[in-house]
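Everything on this sheet refers to the single structure shown next.
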Amino acid sequence: MMGFRMPTTAGALLWLTTFVTLWSTAQAHEYREDFVPWNLNTNKDAGTNVLQYSTTRRGRAYTPSPQNWRELPFYTLLLDKFADGDPSNNDFFNTTFEHDQNEINMRFGGDVRGLRSRLDYIEGMGIKAIYIAGTLFLNMPWQADSYSALDFSLLDPHWGTIDDWVDLIDDIHSRGMYIMADFTVGTMADLIGFKGHLNSSTPFNLAEYDAVWKKPPYAPWGIDEYPDFKFVNERNQSCQLPTFWTNEGMIIDVPYDGCYASEFDQFGDMEAFGVHPDWQRQLSKFASVQDRLREWQSDVMAKIKVFSCLVIEALDIDGIRIDKATQVSLDGLADWTTSTHACANSVGKHNFFIPGEVTGGDRFGSPYIGRGRTVTQRPPGFIAASQVTQGQNQFFLRDRQHIGLDAVAFHYSIYRSLCRFLGMDGNLQVAYDIDVNFVTAWNQMFVNNDFLNKETGILDPRH
């Protein structure tokens, strides 16, 4: 099992004890009839075993992928702030902190039916693809940005039902348009706190902290603990951390002495941005508000793979953008994207699009793109990069079976360059950013990044 190395004698007994504890406490939802309109899992016999979750498409055909994503103009929107087509779901949980059109930090009321009612307008502008920022999944009642999922198998009722989503996406496809959803592979909501730091930031510490459930009030449907993932406050000395990379794009050796036998990282928290080693950010609770899954362990990743495939199979989406992609371990992300591409291929989507957010410099992001490329694997210039083929393995970090991101959305090096180009103030540069001049910047990215299409092997830059 990736992430663990079997010890001997007493160590083996401890490993077995913690594994059994983790297995027995990792309880998912029992199938509930009252969840049916929003529950992607339709297997009543799955019980609490996430790996047995499955879904149905109710006899509808799947829409093939577009041949060329680069020719599709995108329209980006926040669903809650777009159009309210069903006011009855605005205060779905009837809480005090849920819907208020005059308050930007609460829900405005936008939903799936509202978006569908505006498709004529969007199509009329020549748009060919829609990207909905924020996940589809259940969040706390007031979290309209929807980046803090409580459950990856339940859709947020504020957006609408599964039938509403299916009708919307079928309508989008009938117009020759496509839709890309938003996912968080490594982070969830804010249900876990660290002992001794429940009301303050928790300094990063490789020794880890004991975790507790925070039990927030107003939890939707009473979900104040994650049903599919659990923490464990017992150490596993045989734990193996994932491979980490520096901002320079080189592997770094991180000394450690075991870790907790948990499905969550318990190393503390860290601000969203700032001058920190990225490997620490990959192990920390995000900005003190999003619990981080231990996606670098195979049993955790196995469940995450199930959830992304459920969405593809149930809703017929055409792509998934990964929020905070480079805050997922490199091997973990490549494992997830490879599996998600395979799921999409199984329903005839052979050019399923998975871009992701790169917040660091281009040199740190480059190993995440395509088959990955380090600073020592770059072609010798722009012309040489344009002639690279899949068979030239010296220019790639991974084999053809393990693809990372298809492209970057969004690339913070471009954001920072644009800000400096416009003369704005602030912390606008990180290590190994690309040039401020956009022509030079593009030439750098063209050499640094793998732009070959995973299916066709043809040069296909989709940043």
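A note on labels: chains of the structure tokens are A, B, ... as shown, every chain counts residues from 1, and ligands are counted from 1 in their shown order.
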Identify, on the basis of only C-alpha atoms, every residue whose closest approach to Asp269 (chain A) does not exceed 8 Å; exclude the query and any residue fewer than 4 positions from it along the same chain; express the result as a ChimeraX atom specification. /A:201-204,284-288
My list of candidates is A:Ile414, A:Leu452, A:Val347, A:Ile192. Which is closest to Ala385 (chain A) when distances are computed with only C-alpha atoms?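 Smallest distance to Ala385 (chain A) is found for A:Leu452.
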Using only C-alpha atoms, determine which residues lie at most 6 Å from region 273-283 of chain A, disregarding the query and same-chain residues fewer than 2 positions distant; provide the list as a PyMOL selection string. chain A and resi 244+265+271+327-328
Suppose we keep N, CA and C atoms; can you now write the selection as a short mmCIF file (atom, residue, chain, number, x, y, z; two decimals), in the first residue's frame?
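Saved the output as part_7.cif:
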```
data_model
loop_
_atom_site.label_atom_id
_atom_site.label_comp_id
_atom_site.auth_asym_id
_atom_site.auth_seq_id
_atom_site.Cartn_x
_atom_site.Cartn_y
_atom_site.Cartn_z
N PHE A 244 8.85 15.23 -2.35
CA PHE A 244 8.64 16.68 -2.37
C PHE A 244 9.62 17.34 -3.32
N ASP A 265 -3.86 15.21 6.94
CA ASP A 265 -2.60 15.76 7.42
C ASP A 265 -2.86 16.55 8.70
N GLU A 271 -0.77 30.03 6.03
CA GLU A 271 -1.50 31.02 5.24
C GLU A 271 -1.56 30.59 3.78
N GLN A 327 -0.71 22.31 -4.73
CA GLN A 327 -0.70 22.02 -3.29
C GLN A 327 -1.11 20.57 -3.02
N VAL A 328 -1.31 19.82 -4.08
CA VAL A 328 -1.45 18.37 -3.99
C VAL A 328 -0.08 17.78 -4.30
#
```
Which residues are near Asp151 (chain A)? Cut-off 8 Å, only C-alpha atoms, ignore same chain within fewer than 3 positions. Put them as a PyMOL selection string. chain A and resi 137-139+154+226-228
Under the rule of at most 6 Å, produce a per-residue listing of region 131-202 of chain A near region 290-311 of chain A: chain, number, name, the closest pair of atoms, and the distance in Å, as JSON lines, using only C-alpha atoms.
```
{"residue": "A:Phe152", "atom": "CA", "partner": "A:Phe307", "partner_atom": "CA", "distance": 5.9}
{"residue": "A:Gly186", "atom": "CA", "partner": "A:Leu293", "partner_atom": "CA", "distance": 5.2}
{"residue": "A:Thr187", "atom": "CA", "partner": "A:Arg292", "partner_atom": "CA", "distance": 4.5}
{"residue": "A:Met188", "atom": "CA", "partner": "A:Asp291", "partner_atom": "CA", "distance": 5.3}
{"residue": "A:Ala189", "atom": "CA", "partner": "A:Gln290", "partner_atom": "CA", "distance": 4.8}
{"residue": "A:Asp190", "atom": "CA", "partner": "A:Gln290", "partner_atom": "CA", "distance": 5.0}
```
Dump as a JSON list (two decimals), in the first residue's frame, selection limited to C-alpha atoms:
```
[["chain", "number", "residue", "atom", "x", "y", "z"],
["A", 152, "PHE", "CA", -17.82, 14.53, -2.31],
["A", 186, "GLY", "CA", -6.67, 17.65, -1.53],
["A", 187, "THR", "CA", -8.79, 19.93, 0.67],
["A", 188, "MET", "CA", -12.24, 19.84, 2.26],
["A", 189, "ALA", "CA", -14.10, 22.04, 4.77],
["A", 190, "ASP", "CA", -13.18, 23.26, 8.28]]
```
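Minimum distance to Asn94 (chain A) across A:His341, A:Ala144, A:His158, A:Phe108 (counting only C-alpha atoms) occurs at A:His158.
The spacing separating CA of Thr338 (chain A) from CA of Asp460 (chain A) amounts to 18.1 Å.
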For region 130-135 of chain A, list every protein, DNA or RNA residue within 6 Å, evaluated using only C-alpha atoms, and leave out those in the same chain fewer than 4 positions away; present the list as a ChimeraX atom specification. /A:74-78,145-147,179-183
Could you turn the residues from that selection into a file that holds N, CA, C and O atoms, as a CSV table (one decimal), in the first residue's frame?
```
chain,number,residue,atom,x,y,z
A,74,PHE,N,-14.3,30.5,-23.5
A,74,PHE,CA,-14.8,30.1,-22.2
A,74,PHE,C,-15.6,31.2,-21.6
A,74,PHE,O,-15.2,32.4,-21.7
A,75,TYR,N,-16.6,30.9,-20.8
A,75,TYR,CA,-17.3,31.9,-19.9
A,75,TYR,C,-17.2,31.4,-18.5
A,75,TYR,O,-17.6,30.2,-18.2
A,76,THR,N,-16.6,32.1,-17.6
A,76,THR,CA,-16.4,31.8,-16.2
A,76,THR,C,-17.4,32.4,-15.4
A,76,THR,O,-17.7,33.6,-15.5
A,77,LEU,N,-18.0,31.7,-14.4
A,77,LEU,CA,-19.0,32.3,-13.5
A,77,LEU,C,-19.0,31.7,-12.2
A,77,LEU,O,-18.6,30.5,-12.0
A,78,LEU,N,-19.4,32.4,-11.2
A,78,LEU,CA,-19.7,31.9,-9.8
A,78,LEU,C,-21.2,31.6,-9.8
A,78,LEU,O,-22.0,32.6,-10.0
A,145,ASP,N,-19.0,30.3,-2.1
A,145,ASP,CA,-17.9,30.1,-3.1
A,145,ASP,C,-17.8,28.6,-3.4
A,145,ASP,O,-17.3,28.2,-4.4
A,146,SER,N,-18.2,27.7,-2.4
A,146,SER,CA,-18.3,26.3,-2.6
A,146,SER,C,-17.0,25.6,-2.8
A,146,SER,O,-16.9,24.5,-3.4
A,147,TYR,N,-15.9,26.1,-2.2
A,147,TYR,CA,-14.6,25.4,-2.3
A,147,TYR,C,-14.3,24.6,-1.0
A,147,TYR,O,-13.2,24.1,-0.9
A,179,ILE,N,-19.0,21.9,-20.7
A,179,ILE,CA,-19.0,22.5,-19.4
A,179,ILE,C,-17.8,21.8,-18.6
A,179,ILE,O,-17.6,20.6,-18.7
A,180,MET,N,-17.2,22.7,-17.8
A,180,MET,CA,-16.1,22.3,-17.0
A,180,MET,C,-16.4,22.6,-15.5
A,180,MET,O,-16.8,23.7,-15.2
A,181,ALA,N,-16.3,21.6,-14.7
A,181,ALA,CA,-16.5,21.7,-13.2
A,181,ALA,C,-15.2,22.0,-12.5
A,181,ALA,O,-14.2,22.0,-13.0
A,182,ASP,N,-15.4,22.4,-11.2
A,182,ASP,CA,-14.3,22.7,-10.3
A,182,ASP,C,-14.2,21.7,-9.2
A,182,ASP,O,-15.2,21.3,-8.6
A,183,PHE,N,-12.9,21.2,-8.9
A,183,PHE,CA,-12.7,20.3,-7.8
A,183,PHE,C,-11.6,20.7,-6.9
A,183,PHE,O,-10.7,21.5,-7.3
```
Region 79-284 of chain A: residues DSSP assigns to alpha helix (DSSP H), reported as a ChimeraX atom specification: /A:112-117,119-124,162-174,278-281
Close residues, Ile162 (chain A) itself excluded, 10 Å, only C-alpha atoms, min 4 positions apart in chain, as a ChimeraX atom specification: /A:36-40,112,154-157,166-168,314-315
Minimum-distance residue to Pro220 (chain A), chosen among A:Phe35, A:Arg118, A:Phe82, A:Gly47 (using only C-alpha atoms):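 Of all the options, A:Phe35 lies closest to Pro220 (chain A).
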With a cut-off of 7 Å, could you pull out the residues of region 170-202 of chain A touching region 206-214 of chain A and give me the nearest pair of atoms for each, distance in Å to one decimal, using only C-alpha atoms, ordered by chain and ascending number, as a Markdown table?
```
| residue | atom | partner | partner_atom | distance |
| --- | --- | --- | --- | --- |
| A:Leu191 | CA | A:Lys214 | CA | 5.4 |
| A:Ile192 | CA | A:Trp213 | CA | 4.9 |
| A:Gly193 | CA | A:Val212 | CA | 5.3 |
| A:Phe194 | CA | A:Ala211 | CA | 4.6 |
| A:Lys195 | CA | A:Asp210 | CA | 5.8 |
```
Kindly export the residues of the current selection with all heavy atoms, as an mmCIF file, in the first residue's frame.
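Saved result, again.cif, follows:
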```cif
data_model
loop_
_atom_site.group_PDB
_atom_site.id
_atom_site.type_symbol
_atom_site.label_atom_id
_atom_site.label_comp_id
_atom_site.auth_asym_id
_atom_site.auth_seq_id
_atom_site.Cartn_x
_atom_site.Cartn_y
_atom_site.Cartn_z
ATOM 1 N N LEU A 191 -13.709 21.282 9.564
ATOM 2 C CA LEU A 191 -14.341 20.521 10.642
ATOM 3 C C LEU A 191 -13.343 20.034 11.680
ATOM 4 O O LEU A 191 -13.748 19.546 12.735
ATOM 5 C CB LEU A 191 -15.098 19.313 10.071
ATOM 6 C CG LEU A 191 -16.237 19.596 9.089
ATOM 7 C CD1 LEU A 191 -16.941 18.294 8.721
ATOM 8 C CD2 LEU A 191 -17.215 20.608 9.646
ATOM 9 N N ILE A 192 -12.042 20.164 11.391
ATOM 10 C CA ILE A 192 -11.011 19.600 12.256
ATOM 11 C C ILE A 192 -10.170 20.721 12.872
ATOM 12 O O ILE A 192 -9.753 21.655 12.185
ATOM 13 C CB ILE A 192 -10.099 18.642 11.467
ATOM 14 C CG1 ILE A 192 -10.916 17.438 10.961
ATOM 15 C CG2 ILE A 192 -8.925 18.164 12.317
ATOM 16 C CD1 ILE A 192 -10.135 16.513 10.051
ATOM 17 N N GLY A 193 -9.943 20.618 14.171
ATOM 18 C CA GLY A 193 -9.037 21.526 14.859
ATOM 19 C C GLY A 193 -7.901 20.754 15.489
ATOM 20 O O GLY A 193 -7.937 19.524 15.595
ATOM 21 N N PHE A 194 -6.867 21.476 15.921
ATOM 22 C CA PHE A 194 -5.704 20.853 16.545
ATOM 23 C C PHE A 194 -5.644 21.238 18.019
ATOM 24 O O PHE A 194 -5.762 22.423 18.367
ATOM 25 C CB PHE A 194 -4.425 21.280 15.828
ATOM 26 C CG PHE A 194 -4.410 20.925 14.361
ATOM 27 C CD1 PHE A 194 -4.331 21.912 13.391
ATOM 28 C CD2 PHE A 194 -4.499 19.605 13.957
ATOM 29 C CE1 PHE A 194 -4.333 21.600 12.041
ATOM 30 C CE2 PHE A 194 -4.503 19.267 12.606
ATOM 31 C CZ PHE A 194 -4.415 20.269 11.644
ATOM 32 N N LYS A 195 -5.484 20.249 18.869
ATOM 33 C CA LYS A 195 -5.477 20.483 20.318
ATOM 34 C C LYS A 195 -4.428 21.537 20.685
ATOM 35 O O LYS A 195 -3.294 21.498 20.216
ATOM 36 C CB LYS A 195 -5.189 19.182 21.059
ATOM 37 C CG LYS A 195 -6.352 18.199 21.051
ATOM 38 C CD LYS A 195 -6.049 16.952 21.880
ATOM 39 C CE LYS A 195 -7.216 15.981 21.887
ATOM 40 N NZ LYS A 195 -6.926 14.762 22.679
#
```
If you run DSSP on the backbone here, which positions in region 277-428 of chain A get strand (DSSP E or B)? Please write them as an NGL selection string. :A and (285-286 or 290 or 292-293 or 319-322 or 353 or 355-358 or 369 or 405 or 407-411)
